[in-house]
Structures are given as structure tokens and as C-alpha cells.
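Only one structure is covered here, and it is reproduced in the block below.
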Amino acid sequence: MGLDYQQIGQRMAARRKRLGLRQAQVCERCDINSNYLSNIERAKSIPSLEVFMRICDALDAMPDALLLGTRREEEWDQRRVVAEQLRGLNSRQLDLVERFVRWVEEQEL
């Protein structure tokens, strides 16, 4: 199975836009030239593994989400949102959330 660099580039661009980032911001985060990122997103250039991993880090994306388009990226986004929501809770609220999560785990959904 070969990699579809056109799809990979489109996924990178879509993820970047979903995060509200400009190409220049991503380039600054992963220390690459903006023309290079543009070429990667348009499948004109193929990044090295090191650059690809830096882009994944800059986009806060799982490599398989960009390479294969797996749904795990959406799951991780949901987990991040819930984690952010939990940060503002006090200990009593966290206890309640913990009990609720245990109850949900016991359910056969």
C-alpha cells in the first residue's frame, strides 16, 4: 500500500485550518520554511520523517490521522476538550465526574 501524499497534504491543511493556524505559525512551531509547508500541503514535496513528526507535533495530531485519515484524531480532540473542562472543577465536582465515568464504563452501550 503506497502513501497518498495528496491526501496527506490535504489532511495537514485541514487540520491546520481547523486549529485556526496560518502556515507561518505552523512553520515557526516546527522550524521549517513556509514555502516548504505549502509544497507539502500541495504534495509538491515529501517531508522527511523528522519533519513530518514535527508537523504532527505542531498540529497536535496523531501521525496515523495525517497518514491514513483515521478517526482517532477526532477522538483525541474530544479527550482534549473534556480534559480542559475538568481543569476548572473543584474536588467535589471531580469526585462526581469520576463516579459518573465509572457508571458509564459499567453500561453496555
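Going through the C-alpha cells in order, the chains are called A, B, and so on, while each chain numbers its residues from 1 and the ligands are numbered from 1 in the order shown.
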Check which residues of range 19-109 of chain A sit at most 7 Å from range 4-10 of chain A using only C-alpha atoms, and return one row each with the closest pair of atoms and their distance in Å to one decimal, ordered by chain and rising number, as a Markdown table.
```
| residue | atom | partner | partner_atom | distance |
| --- | --- | --- | --- | --- |
| A:Ile40 | CA | A:Gly9 | CA | 5.8 |
| A:Glu41 | CA | A:Gly9 | CA | 3.7 |
| A:Arg42 | CA | A:Gly9 | CA | 5.8 |
| A:Ala43 | CA | A:Gln6 | CA | 4.9 |
| A:Leu66 | CA | A:Ile8 | CA | 5.5 |
| A:Leu67 | CA | A:Ile8 | CA | 5.5 |
```
Every residue of chain A that DSSP places in helix (DSSP H, G or I), as a VMD selection string | chain A and resid 5 to 18 23 to 30 34 to 41 49 to 58 63 to 68 72 to 87 91 to 106
Option closest in space to Val101 in chain A, from A:Val82, A:Leu37, A:Cys27, A:Leu89 [counting only C-alpha atoms] = A:Val82
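The smallest atom-to-atom distance between Asp64 in chain A and any of A:Met12, A:Leu19, A:Leu94, A:Ala24, using only C-alpha atoms, is found for A:Met12.
Separating CA of Cys30 in chain A from CA of Val51 in chain A is a distance of 7.5 Å.
Atom pair CA of Ala58 in chain A / CA of Gln25 in chain A has a distance of 8.8 Å (rounded to one decimal).
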Take CA of Ala14 in chain A and CA of Glu84 in chain A and report the distance between them in Å, one decimal.
->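 Separating CA of Ala14 in chain A from CA of Glu84 in chain A is a distance of 22.7 Å.
Proximity of A:Arg29, A:Leu96, A:Gly88, A:Glu105 to Met53 in chain A, computed with only C-alpha atoms, is greatest for A:Arg29.
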